[in-house]
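*Asks:* What follows is the file input_25.txt, containing compact mmCIF, C-alpha atoms (C1' of nucleotides):
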```txt
# COMPACT_ATOMS: atom_id res chain seq x y z
CA MET H 1 -16.39 22.01 -27.60
CA THR H 2 -14.58 25.26 -27.02
CA CYS H 3 -16.86 27.01 -29.42
CA ASP H 4 -17.08 30.42 -27.79
CA SER H 5 -14.06 32.13 -29.23
CA SER H 6 -15.17 35.63 -28.30
CA SER H 7 -15.17 35.16 -24.55
CA THR H 8 -11.61 34.52 -23.50
CA ALA H 9 -8.91 36.11 -25.56
CA ALA H 10 -6.07 38.07 -24.01
CA THR H 11 -7.67 39.23 -20.78
CA ASP H 12 -6.79 42.88 -20.62
CA GLU H 13 -9.74 43.61 -18.39
CA PRO H 14 -9.50 42.56 -14.79
CA ARG H 15 -13.29 43.01 -14.61
CA PRO H 16 -15.26 41.12 -17.22
CA ALA H 17 -17.55 43.26 -19.33
CA ASP H 18 -20.04 40.41 -19.50
CA SER H 19 -23.45 41.75 -18.55
CA ARG H 20 -24.26 38.48 -16.81
CA ALA H 21 -21.13 38.81 -14.76
CA GLU H 22 -22.08 42.36 -13.88
CA ALA H 23 -25.49 41.21 -12.70
CA PHE H 24 -23.90 38.63 -10.43
CA GLN H 25 -21.44 41.16 -9.12
CA GLU H 26 -24.27 43.50 -8.30
CA VAL H 27 -26.14 40.79 -6.48
CA ARG H 28 -23.03 39.94 -4.48
CA SER H 29 -22.53 43.57 -3.67
CA ALA H 30 -26.14 43.82 -2.51
CA ARG H 31 -25.69 40.72 -0.38
CA ARG H 32 -22.77 42.34 1.41
CA ASN H 33 -24.99 45.20 2.57
CA GLU H 34 -27.98 43.15 3.53
CA LEU H 35 -26.96 42.32 7.06
CA ALA H 36 -25.98 45.88 7.86
CA GLU H 37 -29.33 47.03 6.56
CA ASP H 38 -31.17 44.45 8.61
CA TYR H 39 -29.38 45.56 11.76
CA VAL H 40 -29.91 49.24 11.18
CA GLU H 41 -33.58 48.74 10.40
CA LEU H 42 -34.00 46.63 13.53
CA ILE H 43 -32.18 49.14 15.71
CA ALA H 44 -34.48 51.89 14.48
CA GLU H 45 -37.50 49.76 15.30
CA LEU H 46 -36.26 48.96 18.79
CA ILE H 47 -35.56 52.61 19.51
CA HIS H 48 -39.00 53.49 18.29
CA GLU H 49 -40.70 50.79 20.34
CA HIS H 50 -38.67 50.82 23.54
CA GLY H 51 -36.81 54.08 23.50
CA GLU H 52 -33.50 52.27 23.16
CA ALA H 53 -31.75 49.41 21.41
CA ARG H 54 -29.90 46.98 23.65
CA PRO H 55 -27.66 44.31 22.20
CA VAL H 56 -29.61 41.61 24.02
CA ALA H 57 -32.81 42.70 22.27
CA ILE H 58 -31.06 42.87 18.93
CA ALA H 59 -29.73 39.36 19.41
CA ALA H 60 -33.18 38.04 20.31
CA ARG H 61 -34.86 39.57 17.27
CA MET H 62 -32.12 38.67 14.86
CA GLY H 63 -32.02 35.14 16.16
CA VAL H 64 -28.28 35.19 16.84
CA ARG H 65 -26.04 35.03 19.93
CA ALA H 66 -24.72 38.02 21.80
CA PRO H 67 -21.13 37.91 20.55
CA THR H 68 -22.36 37.93 16.99
CA VAL H 69 -24.18 41.15 17.76
CA THR H 70 -21.12 42.72 19.38
CA LYS H 71 -19.09 42.00 16.27
CA ALA H 72 -21.78 43.27 13.95
CA LEU H 73 -22.12 46.46 15.96
CA ASP H 74 -18.38 47.00 15.80
CA ARG H 75 -18.64 46.86 12.06
CA LEU H 76 -21.63 49.19 11.94
CA ALA H 77 -19.77 51.66 14.13
CA ARG H 78 -16.73 51.41 11.87
CA GLU H 79 -18.98 52.22 8.95
CA GLY H 80 -20.37 55.23 10.75
CA LEU H 81 -23.92 53.92 10.99
CA ILE H 82 -24.16 53.78 14.78
CA THR H 83 -22.53 55.16 17.90
CA ARG H 84 -22.12 53.28 21.13
CA GLU H 85 -20.33 53.09 24.44
CA ARG H 86 -19.20 49.83 25.95
CA TYR H 87 -21.95 48.05 27.90
CA ARG H 88 -24.47 50.63 26.78
CA SER H 89 -27.28 51.04 24.29
CA VAL H 90 -26.81 51.64 20.60
CA PHE H 91 -27.72 54.82 18.75
CA LEU H 92 -28.03 55.54 15.07
CA THR H 93 -25.97 58.27 13.49
CA GLU H 94 -27.52 60.59 10.95
CA LYS H 95 -26.24 58.29 8.26
CA GLY H 96 -27.65 55.26 10.06
CA ARG H 97 -31.00 56.93 10.48
CA ALA H 98 -31.09 57.74 6.78
CA LEU H 99 -30.30 54.16 5.87
CA ALA H 100 -32.91 52.85 8.30
CA HIS H 101 -35.47 55.14 6.79
CA GLU H 102 -34.61 54.04 3.30
CA CYS H 103 -34.85 50.38 4.33
CA ARG H 104 -38.13 50.88 6.07
CA ARG H 105 -39.51 52.55 2.97
CA ARG H 106 -38.46 49.70 0.72
CA HIS H 107 -39.76 47.14 3.19
CA GLU H 108 -43.14 48.85 3.40
CA ILE H 109 -43.53 49.09 -0.33
CA VAL H 110 -42.63 45.46 -0.92
CA LEU H 111 -44.84 44.31 1.93
CA ARG H 112 -47.82 46.34 0.82
CA PHE H 113 -47.38 45.13 -2.72
CA LEU H 114 -47.26 41.47 -1.75
CA ILE H 115 -50.36 41.81 0.36
CA ARG H 116 -52.18 43.60 -2.43
CA LEU H 117 -51.22 40.76 -4.70
CA GLY H 118 -53.11 38.44 -2.37
CA LEU H 119 -50.40 37.02 -0.12
CA ASP H 120 -51.14 36.28 3.53
CA ALA H 121 -49.57 38.69 6.00
CA GLU H 122 -47.09 36.28 7.53
CA THR H 123 -45.65 34.97 4.26
CA ALA H 124 -45.62 38.52 2.93
CA GLU H 125 -43.53 39.60 5.91
CA ARG H 126 -41.05 36.77 5.39
CA ASP H 127 -40.73 37.26 1.66
CA ALA H 128 -40.45 41.03 2.02
CA GLU H 129 -37.56 40.52 4.43
CA GLY H 130 -35.66 38.67 1.73
CA ILE H 131 -36.79 40.61 -1.31
CA GLU H 132 -36.41 44.19 -0.06
CA HIS H 133 -32.65 44.19 -0.54
CA HIS H 134 -32.86 43.18 -4.17
CA VAL H 135 -35.44 45.47 -5.76
CA SER H 136 -34.33 48.33 -7.92
CA GLU H 137 -35.87 51.78 -7.63
CA ARG H 138 -37.64 51.12 -10.88
CA THR H 139 -39.27 47.95 -9.64
CA LEU H 140 -40.20 49.67 -6.42
CA ALA H 141 -42.01 52.33 -8.40
CA LEU H 142 -43.99 49.67 -10.24
CA PHE H 143 -44.83 47.92 -6.97
CA GLU H 144 -46.13 51.19 -5.57
CA ALA H 145 -48.14 51.94 -8.68
CA TYR H 146 -49.74 48.52 -8.56
CA ALA H 147 -50.61 48.72 -4.88
CA ASP H 148 -52.12 52.18 -5.30
CA GLN H 149 -53.97 51.40 -8.47
CA VAL H 150 -55.97 48.40 -7.27
CA MET S 1 -35.74 53.15 29.86
CA THR S 2 -35.46 49.48 30.63
CA CYS S 3 -39.12 49.02 29.99
CA ASP S 4 -38.51 45.74 28.25
CA SER S 5 -39.71 43.22 30.77
CA SER S 6 -42.69 45.22 31.95
CA SER S 7 -44.22 46.55 28.77
CA THR S 8 -43.85 44.37 25.73
CA ALA S 9 -41.81 41.31 26.45
CA ALA S 10 -43.78 38.78 28.39
CA THR S 11 -47.43 39.72 28.10
CA ASP S 12 -48.77 41.07 24.83
CA GLU S 13 -46.64 39.92 21.86
CA PRO S 14 -49.08 39.88 18.97
CA ARG S 15 -46.08 38.69 17.04
CA PRO S 16 -43.68 37.01 19.36
CA ALA S 17 -40.13 38.26 19.03
CA ASP S 18 -39.47 34.68 18.03
CA SER S 19 -41.27 34.91 14.71
CA ARG S 20 -39.11 37.87 13.72
CA ALA S 21 -36.04 35.91 14.65
CA GLU S 22 -37.30 32.97 12.63
CA ALA S 23 -37.81 35.20 9.61
CA PHE S 24 -34.24 36.45 9.84
CA GLN S 25 -32.92 32.95 10.30
CA GLU S 26 -34.79 31.84 7.22
CA VAL S 27 -33.36 34.71 5.22
CA ARG S 28 -29.87 33.83 6.41
CA SER S 29 -30.43 30.22 5.52
CA ALA S 30 -31.62 31.26 2.05
CA ARG S 31 -28.56 33.46 1.67
CA ARG S 32 -26.30 30.52 2.38
CA ASN S 33 -27.77 28.58 -0.54
CA GLU S 34 -27.86 31.43 -3.00
CA LEU S 35 -24.37 31.05 -4.37
CA ALA S 36 -24.69 27.30 -4.79
CA GLU S 37 -27.92 27.85 -6.66
CA ASP S 38 -26.35 30.48 -8.88
CA TYR S 39 -23.50 28.14 -9.77
CA VAL S 40 -25.71 25.17 -10.45
CA GLU S 41 -28.06 27.22 -12.60
CA LEU S 42 -25.14 28.64 -14.54
CA ILE S 43 -23.55 25.24 -15.04
CA ALA S 44 -26.81 23.92 -16.43
CA GLU S 45 -26.99 26.86 -18.83
CA LEU S 46 -23.44 26.38 -20.02
CA ILE S 47 -23.98 22.69 -20.63
CA HIS S 48 -27.10 23.49 -22.55
CA GLU S 49 -25.44 26.18 -24.64
CA HIS S 50 -21.99 24.72 -25.21
CA GLY S 51 -22.31 21.07 -24.40
CA GLU S 52 -20.03 21.43 -21.38
CA ALA S 53 -19.23 23.67 -18.43
CA ARG S 54 -15.58 24.68 -18.06
CA PRO S 55 -14.35 26.50 -14.99
CA VAL S 56 -13.00 29.31 -17.14
CA ALA S 57 -16.46 29.94 -18.57
CA ILE S 58 -18.05 29.77 -15.14
CA ALA S 59 -15.55 32.30 -13.83
CA ALA S 60 -16.23 34.67 -16.72
CA ARG S 61 -19.99 34.56 -16.30
CA MET S 62 -19.93 34.77 -12.54
CA GLY S 63 -17.49 37.63 -12.65
CA VAL S 64 -14.97 35.97 -10.31
CA ARG S 65 -11.43 34.63 -10.61
CA ALA S 66 -10.52 31.07 -11.39
CA PRO S 67 -9.47 29.98 -7.89
CA THR S 68 -12.80 31.16 -6.54
CA VAL S 69 -14.49 28.82 -8.97
CA THR S 70 -12.27 25.91 -8.00
CA LYS S 71 -13.20 26.35 -4.36
CA ALA S 72 -16.87 26.75 -5.12
CA LEU S 73 -16.85 23.62 -7.25
CA ASP S 74 -15.16 21.70 -4.45
CA ARG S 75 -18.01 22.68 -2.21
CA LEU S 76 -20.65 21.78 -4.79
CA ALA S 77 -19.02 18.40 -5.26
CA ARG S 78 -18.94 17.88 -1.50
CA GLU S 79 -22.65 18.62 -1.45
CA GLY S 80 -23.31 16.11 -4.19
CA LEU S 81 -24.50 18.63 -6.74
CA ILE S 82 -21.77 18.10 -9.33
CA THR S 83 -19.15 15.58 -10.37
CA ARG S 84 -15.78 16.46 -11.80
CA GLU S 85 -12.29 15.27 -12.59
CA ARG S 86 -9.23 17.42 -12.15
CA TYR S 87 -8.56 19.70 -15.11
CA ARG S 88 -11.80 18.64 -16.72
CA SER S 89 -15.34 19.85 -17.26
CA VAL S 90 -18.04 19.88 -14.65
CA PHE S 91 -21.17 17.76 -14.71
CA LEU S 92 -24.35 17.98 -12.70
CA THR S 93 -25.52 15.04 -10.66
CA GLU S 94 -29.17 14.08 -10.62
CA LYS S 95 -29.54 16.20 -7.51
CA GLY S 96 -27.75 19.10 -9.16
CA ARG S 97 -29.91 18.86 -12.22
CA ALA S 98 -33.03 18.88 -10.08
CA LEU S 99 -31.83 21.99 -8.25
CA ALA S 100 -30.92 23.70 -11.50
CA HIS S 101 -34.33 22.96 -12.87
CA GLU S 102 -36.01 24.33 -9.80
CA CYS S 103 -33.90 27.49 -9.95
CA ARG S 104 -34.58 27.98 -13.62
CA ARG S 105 -38.28 27.66 -12.98
CA ARG S 106 -38.23 30.27 -10.21
CA HIS S 107 -36.07 32.58 -12.27
CA GLU S 108 -38.39 32.35 -15.25
CA ILE S 109 -41.49 33.03 -13.20
CA VAL S 110 -39.99 36.04 -11.46
CA LEU S 111 -38.60 37.41 -14.70
CA ARG S 112 -41.84 36.98 -16.59
CA PHE S 113 -43.73 38.60 -13.77
CA LEU S 114 -41.49 41.64 -13.60
CA ILE S 115 -41.71 42.16 -17.32
CA ARG S 116 -45.48 41.85 -17.25
CA LEU S 117 -45.49 44.43 -14.53
CA GLY S 118 -43.85 46.81 -16.96
CA LEU S 119 -40.16 46.57 -16.12
CA ASP S 120 -37.56 46.82 -18.86
CA ALA S 121 -35.86 43.56 -19.76
CA GLU S 122 -32.43 44.43 -18.42
CA THR S 123 -33.54 45.63 -15.00
CA ALA S 124 -35.94 42.72 -14.81
CA GLU S 125 -33.05 40.33 -15.38
CA ARG S 126 -30.99 41.98 -12.66
CA ASP S 127 -33.76 42.10 -10.11
CA ALA S 128 -34.87 38.56 -10.87
CA GLU S 129 -31.34 37.38 -10.17
CA GLY S 130 -31.56 38.78 -6.67
CA ILE S 131 -35.21 38.10 -5.93
CA GLU S 132 -35.51 34.51 -7.14
CA HIS S 133 -33.84 33.09 -4.05
CA HIS S 134 -36.24 34.78 -1.68
CA VAL S 135 -39.72 34.08 -3.02
CA SER S 136 -41.90 31.49 -1.36
CA GLU S 137 -43.89 28.98 -3.37
CA ARG S 138 -46.99 30.92 -2.48
CA THR S 139 -45.66 34.17 -3.87
CA LEU S 140 -44.45 32.37 -6.96
CA ALA S 141 -47.97 31.11 -7.55
CA LEU S 142 -49.31 34.65 -7.32
CA PHE S 143 -46.64 35.90 -9.71
CA GLU S 144 -47.62 33.22 -12.20
CA ALA S 145 -51.30 33.98 -11.86
CA TYR S 146 -50.69 37.67 -12.45
CA ALA S 147 -48.48 37.10 -15.50
CA ASP S 148 -51.00 34.72 -17.04
CA GLN S 149 -54.02 36.82 -16.25
CA VAL S 150 -52.97 40.06 -17.86
C1' DG B 1 -24.42 47.26 50.48
C1' DT B 2 -23.06 43.08 48.97
C1' DA B 3 -24.30 38.83 46.35
C1' DA B 4 -26.57 37.04 42.43
C1' DA B 5 -28.22 37.53 37.92
C1' DT B 6 -28.03 39.59 33.69
C1' DT B 7 -25.78 41.80 30.06
C1' DC B 8 -21.93 42.68 27.29
C1' DT B 9 -17.29 41.90 25.64
C1' DT B 10 -13.13 39.31 24.58
C1' DA B 11 -10.74 35.45 22.86
C1' DG B 12 -10.57 31.82 19.99
C1' DC B 13 -12.60 28.50 16.72
C1' DC B 14 -14.67 27.43 12.12
C1' DA B 15 -16.44 27.82 7.23
C1' DA B 16 -17.48 30.59 3.19
C1' DG B 17 -16.10 33.43 -0.36
C1' DA B 18 -13.23 36.68 -2.38
C1' DC B 19 -8.32 37.64 -3.89
C1' DT B 20 -2.99 37.08 -5.72
C1' DA B 21 1.01 34.41 -6.76
C1' DA B 22 2.93 30.47 -8.26
C1' DC B 23 2.77 25.90 -9.97
C1' DT B 24 0.90 21.87 -12.88
C1' DT B 25 -1.69 20.04 -16.55
C1' DT B 26 -3.77 20.36 -20.92
C1' DT B 27 -4.26 22.37 -25.36
C1' DT B 28 -2.75 24.90 -29.20
C1' DT B 29 0.42 26.11 -32.54
C1' DG B 30 4.53 26.73 -35.33
C1' DC L 1 6.92 17.17 -31.51
C1' DA L 2 8.46 20.78 -28.65
C1' DA L 3 7.51 25.42 -27.06
C1' DA L 4 4.06 28.66 -25.85
C1' DA L 5 -0.43 29.68 -24.31
C1' DA L 6 -4.40 28.70 -21.80
C1' DA L 7 -6.74 26.42 -18.20
C1' DG L 8 -6.92 24.61 -13.71
C1' DT L 9 -5.18 23.89 -9.07
C1' DT L 10 -2.76 24.81 -4.72
C1' DA L 11 -1.20 27.67 -1.14
C1' DG L 12 -1.76 31.46 1.50
C1' DT L 13 -4.21 35.92 2.94
C1' DC L 14 -8.22 38.70 4.24
C1' DT L 15 -13.01 39.72 5.79
C1' DT L 16 -17.45 38.38 7.27
C1' DG L 17 -20.49 36.08 10.14
C1' DG L 18 -21.63 32.41 12.83
C1' DC L 19 -20.53 29.82 17.38
C1' DT L 20 -18.82 28.62 22.60
C1' DA L 21 -16.47 29.58 26.77
C1' DA L 22 -15.06 32.60 29.97
C1' DG L 23 -14.41 37.02 32.08
C1' DA L 24 -15.83 42.00 33.05
C1' DA L 25 -19.40 45.43 33.84
C1' DT L 26 -23.88 46.59 35.11
C1' DT L 27 -28.24 45.91 37.13
C1' DT L 28 -31.30 43.63 40.31
C1' DA L 29 -32.52 41.62 44.51
C1' DC L 30 -32.14 40.51 49.07
```
Turn this file's structure into structure tokens for me.
*Replies:*
Amino acid sequence: MTCDSSSTAATDEPRPADSRAEAFQEVRSARRNELAEDYVELIAELIHEHGEARPVAIAARMGVRAPTVTKALDRLAREGLITRERYRSVFLTEKGRALAHECRRRHEIVLRFLIRLGLDAETAERDAEGIEHHVSERTLALFEAYADQV
Amino acid sequence: MTCDSSSTAATDEPRPADSRAEAFQEVRSARRNELAEDYVELIAELIHEHGEARPVAIAARMGVRAPTVTKALDRLAREGLITRERYRSVFLTEKGRALAHECRRRHEIVLRFLIRLGLDAETAERDAEGIEHHVSERTLALFEAYADQV
DNA sequence: GTAAATTCTTAGCCAAGACTAACTTTTTTG
DNA sequence: CAAAAAAGTTAGTCTTGGCTAAGAATTTAC
């Protein structure tokens, strides 16, 4: 049943030009950034609420253990999103603050949209947490339009 | 600075820090299943379109290399979602077929909803791919209602 | 001002998911 | 049917993101 002759000839391209494949690659790429975004967003919230972001608080809110946080923070620091000193609080860099702001914006739009659609607040919060990393700017604009319009 | 214990930790919690942690844990749990769902959905599609699902076709559509597919299929087999023989096509088990069906359903609902909202087909397809794994049954129902209503 | 408790880090383990290189099996093709 | 091509697997590497156990640093409490 090898009927699809067009798909696999001499593979010159290391990256398949298949639009389906591209979509999956984009999703995977988005998935890679999700955790970093979650952390940065959470750090911004903690700083806003408590004046600082301690690893122990991050761990509690993320629902993970302390060493997991340490590792994640190392990575965020490597990526230039936060600054930190050993055994001390975490601070966002300019870049980190920008990302946090962007995330917050997306989160708010998705959340507001879901609630406008008729979803209960708690489910909306949970769904928004998952969805916010996967909505394009275009979709976001439509979500906003809908929420405003009603 | 260490206002944690006095101000917001023990007493007021309108939303206990726990519920945030739970939300994140749920998202992480969803993320863990995403790839398996993508594979199963794709395998079902390939079988439907071509009568069989070959690893080479899966790799092309997923946008990954062959060994990645082999490993993924090992895992799917371990989880009882597919059956396979070495160097042969892949088949869904009853469980795999059920999951594929469920995924397809979610995908369709999200896609239809986004298009009804006014999104172009291509972006809708891309966003649906990312969103479908993160919508609750409740949200799905609202998406359906909206798409039908308009 | 020291001892206890808490917080944070390090070290080491594991599984997933990506890759390349190299090998085996199957299929195609002169 | 034998050689070449394609498909699939294995082996080995890397990174991420979890975890526990144990040790170091800091903070609290007596």
*Asks:* Please, can I see chain H fitted onto chain S by all in-order Cα atoms (least squares), as a short mmCIF file (atom, residue, chain, number, x, y, z; two decimals) with C-alpha atoms, in the coordinates of the input?
*Replies:*
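Dumped everything to part.cif:
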```
data_model
loop_
_atom_site.label_atom_id
_atom_site.label_comp_id
_atom_site.auth_asym_id
_atom_site.auth_seq_id
_atom_site.Cartn_x
_atom_site.Cartn_y
_atom_site.Cartn_z
CA MET H 1 -38.62 54.79 27.67
CA THR H 2 -38.61 51.07 28.27
CA CYS H 3 -42.29 50.91 27.57
CA ASP H 4 -42.52 47.52 25.92
CA SER H 5 -42.87 45.26 28.90
CA SER H 6 -44.11 42.27 26.92
CA SER H 7 -41.02 41.76 24.82
CA THR H 8 -38.22 40.80 27.15
CA ALA H 9 -39.15 38.92 30.25
CA ALA H 10 -37.37 35.75 31.31
CA THR H 11 -36.12 34.47 27.97
CA ASP H 12 -37.06 30.83 28.01
CA GLU H 13 -37.05 30.68 24.25
CA PRO H 14 -33.72 30.64 22.51
CA ARG H 15 -35.60 31.55 19.31
CA PRO H 16 -37.81 34.60 19.55
CA ALA H 17 -41.42 34.02 18.61
CA ASP H 18 -41.60 37.52 17.17
CA SER H 19 -43.06 37.30 13.69
CA ARG H 20 -40.78 40.10 12.54
CA ALA H 21 -37.81 38.17 13.79
CA GLU H 22 -39.03 35.09 11.97
CA ALA H 23 -39.30 37.06 8.74
CA PHE H 24 -35.72 38.24 9.09
CA GLN H 25 -34.55 34.76 9.90
CA GLU H 26 -36.23 33.46 6.80
CA VAL H 27 -34.63 36.12 4.67
CA ARG H 28 -31.23 35.27 6.12
CA SER H 29 -31.83 31.62 5.48
CA ALA H 30 -32.78 32.40 1.89
CA ARG H 31 -29.66 34.50 1.49
CA ARG H 32 -27.51 31.55 2.53
CA ASN H 33 -28.86 29.48 -0.37
CA GLU H 34 -28.73 32.16 -2.99
CA LEU H 35 -25.16 31.66 -4.10
CA ALA H 36 -25.51 27.91 -4.34
CA GLU H 37 -28.61 28.39 -6.44
CA ASP H 38 -26.87 30.86 -8.69
CA TYR H 39 -24.01 28.44 -9.27
CA VAL H 40 -26.21 25.46 -9.93
CA GLU H 41 -28.39 27.42 -12.33
CA LEU H 42 -25.31 28.69 -14.16
CA ILE H 43 -23.76 25.23 -14.36
CA ALA H 44 -26.95 23.89 -15.91
CA GLU H 45 -26.91 26.68 -18.47
CA LEU H 46 -23.28 26.09 -19.38
CA ILE H 47 -23.87 22.37 -19.81
CA HIS H 48 -26.84 23.12 -21.99
CA GLU H 49 -24.98 25.64 -24.12
CA HIS H 50 -21.53 24.09 -24.36
CA GLY H 51 -21.98 20.50 -23.36
CA GLU H 52 -19.91 21.03 -20.24
CA ALA H 53 -19.25 23.42 -17.38
CA ARG H 54 -15.63 24.38 -16.82
CA PRO H 55 -14.58 26.35 -13.77
CA VAL H 56 -13.02 29.02 -15.97
CA ALA H 57 -16.37 29.62 -17.67
CA ILE H 58 -18.18 29.67 -14.36
CA ALA H 59 -15.73 32.24 -13.03
CA ALA H 60 -16.17 34.44 -16.10
CA ARG H 61 -19.96 34.42 -15.91
CA MET H 62 -20.13 34.85 -12.18
CA GLY H 63 -17.64 37.66 -12.31
CA VAL H 64 -15.32 36.11 -9.72
CA ARG H 65 -11.78 34.68 -9.71
CA ALA H 66 -10.91 31.05 -10.21
CA PRO H 67 -10.09 30.18 -6.60
CA THR H 68 -13.46 31.49 -5.51
CA VAL H 69 -15.05 29.05 -7.92
CA THR H 70 -12.95 26.14 -6.66
CA LYS H 71 -14.09 26.84 -3.12
CA ALA H 72 -17.70 27.23 -4.12
CA LEU H 73 -17.61 23.98 -6.06
CA ASP H 74 -16.14 22.20 -3.06
CA ARG H 75 -19.11 23.35 -1.07
CA LEU H 76 -21.60 22.35 -3.76
CA ALA H 77 -20.00 18.92 -3.93
CA ARG H 78 -20.18 18.62 -0.15
CA GLU H 79 -23.86 19.42 -0.38
CA GLY H 80 -24.36 16.76 -3.00
CA LEU H 81 -25.37 19.15 -5.77
CA ILE H 82 -22.49 18.42 -8.14
CA THR H 83 -19.84 15.82 -8.87
CA ARG H 84 -16.38 16.56 -10.13
CA GLU H 85 -12.87 15.26 -10.60
CA ARG H 86 -9.83 17.42 -10.06
CA TYR H 87 -8.93 19.52 -13.11
CA ARG H 88 -12.06 18.38 -14.88
CA SER H 89 -15.52 19.63 -15.74
CA VAL H 90 -18.39 19.84 -13.31
CA PHE H 91 -21.56 17.77 -13.46
CA LEU H 92 -24.86 18.15 -11.68
CA THR H 93 -26.19 15.35 -9.54
CA GLU H 94 -29.85 14.45 -9.67
CA LYS H 95 -30.38 16.73 -6.72
CA GLY H 96 -28.44 19.51 -8.42
CA ARG H 97 -30.41 19.10 -11.60
CA ALA H 98 -33.65 19.33 -9.64
CA LEU H 99 -32.52 22.50 -7.93
CA ALA H 100 -31.37 24.00 -11.22
CA HIS H 101 -34.71 23.23 -12.74
CA GLU H 102 -36.55 24.79 -9.85
CA CYS H 103 -34.38 27.91 -10.07
CA ARG H 104 -34.82 28.20 -13.78
CA ARG H 105 -38.57 27.96 -13.34
CA ARG H 106 -38.64 30.71 -10.75
CA HIS H 107 -36.32 32.87 -12.82
CA GLU H 108 -38.49 32.48 -15.91
CA ILE H 109 -41.66 33.34 -14.09
CA VAL H 110 -40.21 36.43 -12.46
CA LEU H 111 -38.60 37.54 -15.70
CA ARG H 112 -41.73 37.06 -17.75
CA PHE H 113 -43.77 38.87 -15.15
CA LEU H 114 -41.47 41.88 -15.05
CA ILE H 115 -41.47 42.16 -18.80
CA ARG H 116 -45.25 41.90 -18.91
CA LEU H 117 -45.38 44.67 -16.38
CA GLY H 118 -43.55 46.86 -18.89
CA LEU H 119 -39.92 46.60 -17.81
CA ASP H 120 -37.15 46.63 -20.41
CA ALA H 121 -35.45 43.28 -20.97
CA GLU H 122 -32.09 44.18 -19.50
CA THR H 123 -33.39 45.66 -16.24
CA ALA H 124 -35.85 42.78 -16.00
CA GLU H 125 -32.97 40.32 -16.23
CA ARG H 126 -31.02 42.11 -13.51
CA ASP H 127 -33.95 42.49 -11.16
CA ALA H 128 -35.07 38.90 -11.74
CA GLU H 129 -31.60 37.73 -10.75
CA GLY H 130 -32.02 39.38 -7.37
CA ILE H 131 -35.71 38.80 -6.81
CA GLU H 132 -36.01 35.13 -7.80
CA HIS H 133 -34.56 33.91 -4.51
CA HIS H 134 -37.06 35.79 -2.41
CA VAL H 135 -40.48 35.05 -3.91
CA SER H 136 -42.78 32.62 -2.21
CA GLU H 137 -44.70 29.99 -4.15
CA ARG H 138 -47.81 32.03 -3.57
CA THR H 139 -46.35 35.16 -5.10
CA LEU H 140 -45.00 33.14 -7.98
CA ALA H 141 -48.50 31.89 -8.69
CA LEU H 142 -49.80 35.45 -8.78
CA PHE H 143 -46.96 36.51 -11.08
CA GLU H 144 -47.84 33.68 -13.45
CA ALA H 145 -51.52 34.50 -13.36
CA TYR H 146 -50.81 38.12 -14.17
CA ALA H 147 -48.47 37.34 -17.04
CA ASP H 148 -50.93 34.87 -18.54
CA GLN H 149 -53.96 37.02 -18.05
CA VAL H 150 -52.78 40.14 -19.88
#
```
*Asks:* What's the 10 Å shell around DC23 in chain B, counting all atoms listed in the file, without same-chain residues fewer than 3 positions away, as an mmCIF file with C-alpha atoms (C1' of nucleotides), in the frame of the given file?
*Replies:*
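So result-v3.cif came out as:
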```cif
data_model
loop_
_atom_site.group_PDB
_atom_site.id
_atom_site.type_symbol
_atom_site.label_atom_id
_atom_site.label_comp_id
_atom_site.auth_asym_id
_atom_site.auth_seq_id
_atom_site.Cartn_x
_atom_site.Cartn_y
_atom_site.Cartn_z
ATOM 1 C "C1'" DT L 9 -5.180 23.890 -9.070
ATOM 2 C "C1'" DT L 10 -2.760 24.810 -4.720
ATOM 3 C "C1'" DA L 11 -1.200 27.670 -1.140
#
```
*Asks:* Rounded to one decimal place, report the CA of Thr139 in chain S-CA of Gly118 in chain S distance in Å.
*Replies:*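 Distance reported for this atom pair: 18.3 Å.
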*Asks:* What's the 12 Å shell around DA3 in chain B, counting only C-alpha atoms (C1' of nucleotides), without same-chain residues fewer than 5 positions away, as a list in words?
*Replies:* DT28, DA29 and DC30 of chain L
*Asks:* What are the residues of chain B lining chain H at 8 Å or less? Count all atoms listed in the file, and put the answer as a PyMOL selection string.
*Replies:* chain B and resi 7-9
